[in-house]
Amino acid sequence: MCGISGIIDHHPVTRNLVTSIANLEYRGYDSCGMALLNGKGIEVRKNTGGVQEVRSREKLDNMTGNLGIAHTRWATHGGVTPENAHPHLSQSGDFAIVHNGIISNYQKLRESLIGEGIEFRSTTDSEVFVNLVEEAYEQKKDVLGAFLEALKQIQGTYSIVLLSAHDPENLYCVKQDSPLIIGLGEGCNYIGSDINAFLEHTRKAVVLDDGEFAVISRDSYEISDVGKREEREKSILQIDWDTETTKKGVFSHYMIKEIFDEPQTARQALDVPQEQISQLVEMFQNAPRAYLMGVGTTFFICQMAQYLFSSLSQRYFPAISADEFNGVVPVVSDDLVLAVSQSGETFDTKFSLNSAREKGARTAAIVNVMGSSISRLVDHVIMQGSGPEICVVSTKAALAQALLLLRTALELGFREGCLDSSTLRDHVQELETFPELISKLLNEKSGFLRNLARTTSSVQNWIFLGCGIYFPVAMESALKMKEVTYLHAEGMPAGFLKHGTLSMIEASVHSLFFIPPPADVELHNRTMIAIEEIKTRGGTLVGLHFEGDSQAASLLDHAVALPEVPLLLAPFVEMILAQMFAYYTALDLKRNIDKPRNLAKSVTVG
Ligand code: F6R
């Protein structure tokens, strides 16, 4: 996690560096800092807190220089203190680094450096590296040679950018298991842990692969292999994201802005060329076994897909949480593993994909971020094209992933003879209406959801319940509620309730039901049984239901009635409205909505 930025320019870089880490803040926001090289040497300013806070406290805008590095941190090794914030300076102050990842052998290296008289200022693993560079420089008097010498000594995962007072013409960087991308400007170049670091300045980028380092000047860059030290030719990635989507506009938070982006995101998911879906479908058809894998929200999206594949194409593809995948799935040659990941950098997902590949599995992925590790790792990738998702909690990207999986299940169902062409056509037409439908619903229902959130924001304990595909919708919605409000929200299948959790039920415990349309008879009946079980025991009932469902309406204490929608789309509609409910509850509780405490987007550590 953590955001890394570096800029080398003919002009002052201060303002662009500050903006760059502000744009990366969703990657971590415990602390931040910048290091610039100017006529007097390297100046570092850093502290705990978010970028705007540190910017004004440390007067970051008063720094000078036309090359520099910056960082926004999500602590792993070492507490959240000003000393542990990056950049880290070497003992003499002639070298500074920013680091993302974990140097696993840092303890031993630190002890040996202490033995040599180095005084450490922080308790991080990162500070070791900058002192190793300095130590090597004393022998070699060559910055690149020293950088590479220090790299030989460290183990673990890292992306590092080095700034040296001995070389005002270059920045140095390296990537190993943690993302790093070079942005190519005119008379200036950029380095970022993702493209948001420089999206405002350039749409041309080069993605570093593991084991590559780069020397970057104002007008050129050279990428080489760390082991062989041979230069590598790399292709240039054209970024087609629109910078407007990174702006909050009239909205007070990115979360609500991104929820209101969903009609557009759905459109983009529906516009992904059918050939890409067909290729994925063929992979499912050719695999002896196939697994769906994601973690957090993307796991719940995979669980939704599990139901879609089962109902539309009569195939069972288990959904497994990426962090547990390796321990439970005995992958063998030719199995298919489909990973879902917004960032394309999640450690657990990447790790499990890699080990599945080693066992001979075929791999595919649905990913949002261009140039990300997972997008380049798999045999077939579908880029979901949802644009940057800035809020730490995933909303619009999750919806797009679910729709792409729905499209896959529909085509597979058709090919396997489970859906005839007219049913398939009807479903495709329903899907075509979806962007407009969500747009209407978001506008019509936001007032109701806001009022409901005001009424219930003091509730401390929530149980979110649903049957069939509404079960993962309930799970995902409970996760959304927890992460953004910090309240306890537990998701479970409605039928599971009576096997234990029912003992918790009393008036103060609120249950939120995801109720299918009555036309979905079997699921609706099962859901109503659980509602009755709670009603009888005096629990408070809240529910999303569809118009005409008088049975549900008569039992619920608080209800949000939704207009009739096609059965296929109903779970997606409820998922979106639950995102909005979580948002308004968090708003009422004055939570740090876009950057909830303790979290970071893109969890690149295990
Ligand atoms: C929740 C959320 C996380 C992510 C999870 C996987 O709102 O965003 O649970 O879904 O960390 O991240 P990606 O999709 O980037 O692999």
# chains A, B, ... in the order shown; residues from 1 in each chain; ligands from 1
>>> residues_around(residues="Val369 of chain A", least_positions_apart="5", cutoff="8 Å", atoms="only C-alpha atoms", output="ChimeraX atom specification")
/A:342-344,375,383,387-388
>>> select_by_dssp(residues="segment 528-572 of chain A", states="alpha helix (DSSP H)", output="PyMOL selection string")
chain A and resi 528-536+550-555+570-572
>>> residues_near_ligand(ligand="ligand 1", cutoff="10 Å", atoms="only C-alpha atoms and all ligand atoms", output="PyMOL selection string")
chain A and resi 293-301+321-322+339-350+366-369+374+389+391-395+397-398+401+476-477+479-484+579+599-604
>>> closest_residue(among="A:Ala530, A:Leu577, A:Ala402, A:Val337", to="Ala453 of chain A", atoms="only C-alpha atoms")
A:Leu577
>>> select_by_dssp(residues="segment 99-207 of chain A", states="strand (DSSP E)", output="JSON, numbers by chain")
{"A": [99, 100, 101, 102, 103, 156, 157, 158, 159, 160, 161, 162, 163, 164, 171, 172, 173, 174, 175, 176, 181, 182, 183, 184, 188, 189, 190, 191, 192, 204, 205, 206, 207]}
>>> write_last_selection(atoms="N, CA, C and O atoms", output="compact mmCIF listing (two decimals), in the first residue's frame")
# COMPACT_ATOMS: atom_id res chain seq x y z
N HIS A 99 9.73 4.20 0.19
CA HIS A 99 9.67 2.74 0.02
C HIS A 99 8.25 2.26 0.27
O HIS A 99 7.58 2.71 1.18
N ASN A 100 7.84 1.32 -0.55
CA ASN A 100 6.56 0.65 -0.37
C ASN A 100 6.85 -0.84 -0.30
O ASN A 100 7.64 -1.34 -1.11
N GLY A 101 6.26 -1.56 0.65
CA GLY A 101 6.52 -3.00 0.78
C GLY A 101 7.16 -3.30 2.11
O GLY A 101 7.08 -2.48 3.04
N ILE A 102 7.76 -4.46 2.21
CA ILE A 102 8.37 -4.85 3.49
C ILE A 102 9.74 -5.48 3.22
O ILE A 102 9.85 -6.44 2.46
N ILE A 103 10.78 -4.93 3.85
CA ILE A 103 12.12 -5.53 3.75
C ILE A 103 12.20 -6.57 4.86
O ILE A 103 12.30 -6.22 6.05
N GLY A 156 12.63 -9.36 0.38
CA GLY A 156 11.27 -8.94 0.69
C GLY A 156 10.59 -8.36 -0.52
O GLY A 156 10.92 -8.68 -1.66
N THR A 157 9.61 -7.51 -0.27
CA THR A 157 8.85 -6.90 -1.35
C THR A 157 9.11 -5.40 -1.30
O THR A 157 9.16 -4.82 -0.21
N TYR A 158 9.31 -4.80 -2.44
CA TYR A 158 9.59 -3.37 -2.38
C TYR A 158 9.39 -2.68 -3.72
O TYR A 158 9.57 -3.27 -4.77
N SER A 159 8.99 -1.43 -3.62
CA SER A 159 9.25 -0.49 -4.71
C SER A 159 9.89 0.69 -3.97
O SER A 159 9.43 1.09 -2.89
N ILE A 160 10.99 1.16 -4.55
CA ILE A 160 11.79 2.18 -3.87
C ILE A 160 12.16 3.25 -4.89
O ILE A 160 12.46 2.93 -6.04
N VAL A 161 12.13 4.50 -4.46
CA VAL A 161 12.67 5.57 -5.29
C VAL A 161 13.76 6.27 -4.46
O VAL A 161 13.56 6.57 -3.28
N LEU A 162 14.89 6.50 -5.12
CA LEU A 162 16.06 7.08 -4.44
C LEU A 162 16.37 8.45 -5.04
O LEU A 162 16.40 8.61 -6.27
N LEU A 163 16.66 9.39 -4.15
CA LEU A 163 17.09 10.73 -4.54
C LEU A 163 18.46 10.92 -3.90
O LEU A 163 18.65 10.60 -2.72
N SER A 164 19.41 11.44 -4.68
CA SER A 164 20.75 11.59 -4.11
C SER A 164 21.30 13.00 -4.35
O SER A 164 21.21 13.51 -5.48
N LEU A 171 16.74 10.37 -10.95
CA LEU A 171 16.10 9.63 -9.85
C LEU A 171 16.31 8.15 -10.16
O LEU A 171 16.38 7.77 -11.34
N TYR A 172 16.38 7.34 -9.12
CA TYR A 172 16.61 5.91 -9.31
C TYR A 172 15.45 5.16 -8.67
O TYR A 172 14.97 5.55 -7.60
N CYS A 173 15.01 4.09 -9.31
CA CYS A 173 13.92 3.34 -8.69
C CYS A 173 14.03 1.86 -9.02
O CYS A 173 14.71 1.47 -9.98
N VAL A 174 13.33 1.05 -8.23
CA VAL A 174 13.36 -0.41 -8.42
C VAL A 174 12.01 -0.98 -8.02
O VAL A 174 11.33 -0.43 -7.15
N LYS A 175 11.65 -2.07 -8.65
CA LYS A 175 10.37 -2.72 -8.30
C LYS A 175 10.55 -4.21 -8.04
O LYS A 175 11.18 -4.91 -8.83
N GLN A 176 10.01 -4.67 -6.93
CA GLN A 176 9.94 -6.10 -6.64
C GLN A 176 8.66 -6.37 -5.87
O GLN A 176 8.54 -6.00 -4.69
N ILE A 181 5.36 2.63 -11.56
CA ILE A 181 5.09 2.99 -12.96
C ILE A 181 5.78 4.32 -13.26
O ILE A 181 5.78 5.24 -12.43
N ILE A 182 6.37 4.41 -14.45
CA ILE A 182 7.02 5.67 -14.85
C ILE A 182 6.06 6.42 -15.76
O ILE A 182 5.51 5.85 -16.71
N GLY A 183 5.86 7.70 -15.48
CA GLY A 183 5.03 8.54 -16.34
C GLY A 183 5.94 9.39 -17.22
O GLY A 183 6.91 9.98 -16.71
N LEU A 184 5.64 9.43 -18.51
CA LEU A 184 6.54 10.12 -19.44
C LEU A 184 5.99 11.49 -19.82
O LEU A 184 4.95 11.59 -20.49
N CYS A 188 10.17 16.35 -18.56
CA CYS A 188 10.03 15.93 -17.17
C CYS A 188 9.50 14.50 -17.15
O CYS A 188 8.84 14.08 -18.10
N ASN A 189 9.85 13.80 -16.12
CA ASN A 189 9.34 12.43 -15.98
C ASN A 189 8.85 12.21 -14.56
O ASN A 189 9.21 12.95 -13.64
N TYR A 190 8.01 11.21 -14.42
CA TYR A 190 7.33 10.97 -13.15
C TYR A 190 7.50 9.50 -12.74
O TYR A 190 7.67 8.63 -13.60
N ILE A 191 7.39 9.27 -11.44
CA ILE A 191 7.35 7.88 -10.96
C ILE A 191 6.17 7.81 -10.00
O ILE A 191 5.95 8.74 -9.20
N GLY A 192 5.43 6.73 -10.06
CA GLY A 192 4.29 6.62 -9.14
C GLY A 192 4.01 5.18 -8.79
O GLY A 192 4.30 4.27 -9.57
N LYS A 204 1.02 8.88 -20.86
CA LYS A 204 1.95 7.86 -21.35
C LYS A 204 2.72 7.30 -20.16
O LYS A 204 3.26 8.07 -19.35
N ALA A 205 2.78 5.98 -20.10
CA ALA A 205 3.44 5.37 -18.94
C ALA A 205 4.17 4.10 -19.34
O ALA A 205 3.86 3.49 -20.37
N VAL A 206 5.14 3.74 -18.52
CA VAL A 206 5.84 2.47 -18.70
C VAL A 206 5.77 1.75 -17.36
O VAL A 206 6.11 2.32 -16.32
N VAL A 207 5.30 0.51 -17.41
CA VAL A 207 5.11 -0.24 -16.17
C VAL A 207 6.36 -1.07 -15.90
O VAL A 207 6.81 -1.82 -16.77
>>> closest_residue(among="A:Trp241, A:Phe284, A:Phe309, A:Tyr137", to="Thr363 of chain A", atoms="only C-alpha atoms")
A:Phe284
>>> closest_residue(among="A:Ser511, A:Thr265, A:Gln384, A:Asn592", to="Tyr26 of chain A", atoms="only C-alpha atoms")
A:Asn592
>>> closest_residue(among="A:Ile515, A:Met575, A:Val473, A:Ala364", to="Gln303 of chain A", atoms="only C-alpha atoms")
A:Val473
>>> closest_residue(among="A:Lys234, A:Lys59, A:Arg357, A:Arg526", to="Gly466 of chain A", atoms="only C-alpha atoms")
A:Arg526
>>> residues_around(residues="segment 127-136 of chain A", least_positions_apart="5", cutoff="7 Å", atoms="only C-alpha atoms", output="NGL selection string")
:A and (88-91 or 95-97 or 106 or 109-110 or 122 or 146-147 or 149-150)
>>> residues_around(residues="Lys228 of chain A", least_positions_apart="6", cutoff="12 Å", atoms="only C-alpha atoms", output="JSON, numbers by chain")
{"A": [148, 211, 212, 213]}
>>> write_last_selection(atoms="N, CA, C and O atoms", output="tab-separated table (two decimals), in the first residue's frame")
chain	number	residue	atom	x	y	z
A	148	LEU	N	22.52	-0.45	-6.58
A	148	LEU	CA	22.46	-1.87	-6.94
A	148	LEU	C	23.14	-2.74	-5.89
A	148	LEU	O	22.69	-3.85	-5.59
A	211	GLY	N	11.90	-7.10	-10.51
A	211	GLY	CA	13.32	-7.30	-10.82
A	211	GLY	C	13.86	-6.28	-11.80
A	211	GLY	O	14.92	-6.49	-12.37
A	212	GLU	N	13.14	-5.19	-12.00
A	212	GLU	CA	13.65	-4.14	-12.91
A	212	GLU	C	13.96	-2.88	-12.11
A	212	GLU	O	13.26	-2.55	-11.15
A	213	PHE	N	15.01	-2.18	-12.56
A	213	PHE	CA	15.29	-0.87	-11.97
A	213	PHE	C	15.34	0.15	-13.11
A	213	PHE	O	15.49	-0.22	-14.28
>>> atom_distance(atom1="atom CA of Ile216 of chain A", atom2="atom CA of Lys140 of chain A")
20.3 Å
>>> residues_around(residues="Asn16 of chain A", least_positions_apart="3", cutoff="12 Å", atoms="only C-alpha atoms", output="number ranges by chain")
A: 5-9, 11-13, 19-23, 34, 60-61, 63-70, 188-190, 197-201
>>> write_last_selection(atoms="C-alpha atoms", output="CSV table (one decimal), in the first residue's frame")
chain,number,residue,atom,x,y,z
A,5,SER,CA,5.7,9.7,-6.1
A,6,GLY,CA,8.8,11.1,-7.8
A,7,ILE,CA,9.2,14.0,-10.2
A,8,ILE,CA,12.2,15.2,-12.1
A,9,ASP,CA,11.7,18.4,-14.2
A,11,HIS,CA,11.0,23.5,-13.5
A,12,PRO,CA,10.1,23.5,-9.7
A,13,VAL,CA,8.3,20.3,-8.8
A,19,THR,CA,-0.8,17.3,-5.7
A,20,SER,CA,0.5,13.9,-6.6
A,21,ILE,CA,0.5,12.5,-3.0
A,22,ALA,CA,-2.9,14.1,-2.4
A,23,ASN,CA,-4.1,12.1,-5.4
A,34,MET,CA,8.4,15.0,0.7
A,60,LEU,CA,5.3,21.8,2.1
A,61,ASP,CA,4.6,24.5,-0.5
A,63,MET,CA,10.1,23.7,-0.3
A,64,THR,CA,12.2,24.2,-3.5
A,65,GLY,CA,13.8,22.0,-6.1
A,66,ASN,CA,13.2,20.6,-9.5
A,67,LEU,CA,13.5,17.0,-8.5
A,68,GLY,CA,12.0,15.3,-5.5
A,69,ILE,CA,10.2,12.3,-4.0
A,70,ALA,CA,7.1,12.0,-1.9
A,188,CYS,CA,10.0,15.9,-17.2
A,189,ASN,CA,9.3,12.4,-16.0
A,190,TYR,CA,7.3,11.0,-13.1
A,197,ALA,CA,0.4,9.9,-9.2
A,198,PHE,CA,0.8,11.6,-12.6
A,199,LEU,CA,-2.5,11.3,-14.5
A,200,GLU,CA,-3.0,15.1,-14.5
A,201,HIS,CA,0.3,15.5,-16.4
>>> residues_around(residues="Phe496 of chain A", least_positions_apart="5", cutoff="12 Å", atoms="only C-alpha atoms", output="PDB file with N, CA, C and O atoms, in the first residue's frame")
ATOM      1  N   ILE A 463     -27.845  -6.913  11.614  1.00  0.00           N
ATOM      2  CA  ILE A 463     -27.688  -8.206  10.933  1.00  0.00           C
ATOM      3  C   ILE A 463     -28.258  -8.006   9.525  1.00  0.00           C
ATOM      4  O   ILE A 463     -29.385  -7.519   9.375  1.00  0.00           O
ATOM      5  N   PHE A 464     -27.451  -8.309   8.512  1.00  0.00           N
ATOM      6  CA  PHE A 464     -27.891  -8.139   7.119  1.00  0.00           C
ATOM      7  C   PHE A 464     -28.196  -9.529   6.567  1.00  0.00           C
ATOM      8  O   PHE A 464     -27.337 -10.420   6.621  1.00  0.00           O
ATOM      9  N   LEU A 465     -29.393  -9.685   6.011  1.00  0.00           N
ATOM     10  CA  LEU A 465     -29.822 -11.025   5.619  1.00  0.00           C
ATOM     11  C   LEU A 465     -30.399 -11.086   4.211  1.00  0.00           C
ATOM     12  O   LEU A 465     -31.100 -10.157   3.776  1.00  0.00           O
ATOM     13  N   GLY A 466     -30.127 -12.195   3.547  1.00  0.00           N
ATOM     14  CA  GLY A 466     -30.698 -12.423   2.224  1.00  0.00           C
ATOM     15  C   GLY A 466     -30.599 -13.892   1.870  1.00  0.00           C
ATOM     16  O   GLY A 466     -29.812 -14.633   2.463  1.00  0.00           O
ATOM     17  N   CYS A 467     -31.414 -14.322   0.914  1.00  0.00           N
ATOM     18  CA  CYS A 467     -31.380 -15.721   0.453  1.00  0.00           C
ATOM     19  C   CYS A 467     -30.863 -15.761  -0.970  1.00  0.00           C
ATOM     20  O   CYS A 467     -31.055 -14.815  -1.734  1.00  0.00           O
ATOM     21  N   GLY A 468     -30.285 -16.903  -1.360  1.00  0.00           N
ATOM     22  CA  GLY A 468     -29.794 -17.059  -2.733  1.00  0.00           C
ATOM     23  C   GLY A 468     -28.779 -15.970  -3.029  1.00  0.00           C
ATOM     24  O   GLY A 468     -27.937 -15.636  -2.199  1.00  0.00           O
ATOM     25  N   PHE A 471     -27.904 -13.336  -0.577  1.00  0.00           N
ATOM     26  CA  PHE A 471     -27.000 -13.603   0.549  1.00  0.00           C
ATOM     27  C   PHE A 471     -25.656 -12.886   0.341  1.00  0.00           C
ATOM     28  O   PHE A 471     -25.241 -12.082   1.197  1.00  0.00           O
ATOM     29  N   GLY A 491     -23.293 -10.047   8.154  1.00  0.00           N
ATOM     30  CA  GLY A 491     -24.111 -10.572   7.056  1.00  0.00           C
ATOM     31  C   GLY A 491     -24.239 -12.071   7.176  1.00  0.00           C
ATOM     32  O   GLY A 491     -23.327 -12.744   7.658  1.00  0.00           O
ATOM     33  N   THR A 501     -27.917 -17.446  15.550  1.00  0.00           N
ATOM     34  CA  THR A 501     -27.901 -15.987  15.734  1.00  0.00           C
ATOM     35  C   THR A 501     -29.229 -15.436  16.258  1.00  0.00           C
ATOM     36  O   THR A 501     -29.279 -14.348  16.836  1.00  0.00           O
ATOM     37  N   LEU A 502     -30.276 -16.214  16.094  1.00  0.00           N
ATOM     38  CA  LEU A 502     -31.595 -15.779  16.556  1.00  0.00           C
ATOM     39  C   LEU A 502     -31.592 -15.427  18.044  1.00  0.00           C
ATOM     40  O   LEU A 502     -32.385 -14.608  18.509  1.00  0.00           O
ATOM     41  N   ARG A 526     -38.633 -17.978   1.261  1.00  0.00           N
ATOM     42  CA  ARG A 526     -37.596 -18.266   2.267  1.00  0.00           C
ATOM     43  C   ARG A 526     -37.234 -17.020   3.052  1.00  0.00           C
ATOM     44  O   ARG A 526     -37.005 -17.057   4.262  1.00  0.00           O
ATOM     45  N   THR A 527     -37.191 -15.893   2.359  1.00  0.00           N
ATOM     46  CA  THR A 527     -36.841 -14.636   3.049  1.00  0.00           C
ATOM     47  C   THR A 527     -37.934 -14.262   4.047  1.00  0.00           C
ATOM     48  O   THR A 527     -37.653 -13.827   5.174  1.00  0.00           O
ATOM     49  N   ILE A 529     -39.894 -16.183   5.669  1.00  0.00           N
ATOM     50  CA  ILE A 529     -39.858 -17.041   6.873  1.00  0.00           C
ATOM     51  C   ILE A 529     -38.907 -16.426   7.910  1.00  0.00           C
ATOM     52  O   ILE A 529     -39.239 -16.301   9.089  1.00  0.00           O
ATOM     53  N   ALA A 530     -37.738 -15.992   7.444  1.00  0.00           N
ATOM     54  CA  ALA A 530     -36.761 -15.409   8.377  1.00  0.00           C
ATOM     55  C   ALA A 530     -37.297 -14.087   8.951  1.00  0.00           C
ATOM     56  O   ALA A 530     -37.088 -13.777  10.140  1.00  0.00           O
ATOM     57  N   GLU A 533     -39.578 -14.936  11.685  1.00  0.00           N
ATOM     58  CA  GLU A 533     -38.850 -15.437  12.871  1.00  0.00           C
ATOM     59  C   GLU A 533     -38.374 -14.267  13.741  1.00  0.00           C
ATOM     60  O   GLU A 533     -38.407 -14.334  14.964  1.00  0.00           O
TER      61      GLU A 533
END
>>> atom_distance(atom1="atom CA of Leu336 of chain A", atom2="atom CA of Met283 of chain A")
7.1 Å
>>> decode(residues="segment 159-173 of chain A", atoms="N, CA, C and O atoms", output="mmCIF file, in the first residue's frame")
data_model
loop_
_atom_site.group_PDB
_atom_site.id
_atom_site.type_symbol
_atom_site.label_atom_id
_atom_site.label_comp_id
_atom_site.auth_asym_id
_atom_site.auth_seq_id
_atom_site.Cartn_x
_atom_site.Cartn_y
_atom_site.Cartn_z
ATOM 1 N N SER A 159 8.986 -1.429 -3.624
ATOM 2 C CA SER A 159 9.250 -0.490 -4.709
ATOM 3 C C SER A 159 9.887 0.688 -3.974
ATOM 4 O O SER A 159 9.428 1.087 -2.892
ATOM 5 N N ILE A 160 10.989 1.158 -4.550
ATOM 6 C CA ILE A 160 11.790 2.184 -3.869
ATOM 7 C C ILE A 160 12.162 3.248 -4.888
ATOM 8 O O ILE A 160 12.464 2.931 -6.041
ATOM 9 N N VAL A 161 12.126 4.501 -4.459
ATOM 10 C CA VAL A 161 12.671 5.574 -5.288
ATOM 11 C C VAL A 161 13.757 6.271 -4.464
ATOM 12 O O VAL A 161 13.564 6.573 -3.281
ATOM 13 N N LEU A 162 14.892 6.498 -5.118
ATOM 14 C CA LEU A 162 16.056 7.082 -4.440
ATOM 15 C C LEU A 162 16.374 8.448 -5.039
ATOM 16 O O LEU A 162 16.396 8.614 -6.268
ATOM 17 N N LEU A 163 16.656 9.389 -4.145
ATOM 18 C CA LEU A 163 17.089 10.731 -4.535
ATOM 19 C C LEU A 163 18.463 10.923 -3.899
ATOM 20 O O LEU A 163 18.647 10.598 -2.716
ATOM 21 N N SER A 164 19.415 11.439 -4.679
ATOM 22 C CA SER A 164 20.752 11.595 -4.106
ATOM 23 C C SER A 164 21.301 12.996 -4.351
ATOM 24 O O SER A 164 21.213 13.506 -5.476
ATOM 25 N N ALA A 165 21.905 13.557 -3.323
ATOM 26 C CA ALA A 165 22.541 14.878 -3.457
ATOM 27 C C ALA A 165 23.764 14.782 -4.371
ATOM 28 O O ALA A 165 24.243 15.791 -4.873
ATOM 29 N N HIS A 166 24.252 13.557 -4.604
ATOM 30 C CA HIS A 166 25.418 13.383 -5.477
ATOM 31 C C HIS A 166 25.032 13.330 -6.949
ATOM 32 O O HIS A 166 25.897 13.247 -7.807
ATOM 33 N N ASP A 167 23.737 13.321 -7.233
ATOM 34 C CA ASP A 167 23.314 13.240 -8.633
ATOM 35 C C ASP A 167 22.011 14.012 -8.854
ATOM 36 O O ASP A 167 20.914 13.445 -8.778
ATOM 37 N N PRO A 168 22.132 15.330 -9.152
ATOM 38 C CA PRO A 168 20.920 16.120 -9.356
ATOM 39 C C PRO A 168 20.255 15.866 -10.708
ATOM 40 O O PRO A 168 19.228 16.451 -11.017
ATOM 41 N N GLU A 169 20.831 14.983 -11.517
ATOM 42 C CA GLU A 169 20.307 14.752 -12.865
ATOM 43 C C GLU A 169 19.398 13.532 -12.966
ATOM 44 O O GLU A 169 18.787 13.302 -14.001
ATOM 45 N N ASN A 170 19.325 12.721 -11.912
ATOM 46 C CA ASN A 170 18.572 11.463 -12.027
ATOM 47 C C ASN A 170 17.828 11.097 -10.750
ATOM 48 O O ASN A 170 18.276 11.429 -9.647
ATOM 49 N N LEU A 171 16.742 10.368 -10.946
ATOM 50 C CA LEU A 171 16.103 9.634 -9.851
ATOM 51 C C LEU A 171 16.312 8.150 -10.161
ATOM 52 O O LEU A 171 16.379 7.766 -11.336
ATOM 53 N N TYR A 172 16.381 7.339 -9.118
ATOM 54 C CA TYR A 172 16.615 5.907 -9.306
ATOM 55 C C TYR A 172 15.447 5.155 -8.670
ATOM 56 O O TYR A 172 14.970 5.546 -7.602
ATOM 57 N N CYS A 173 15.011 4.092 -9.314
ATOM 58 C CA CYS A 173 13.921 3.339 -8.687
ATOM 59 C C CYS A 173 14.033 1.858 -9.019
ATOM 60 O O CYS A 173 14.715 1.472 -9.983
#
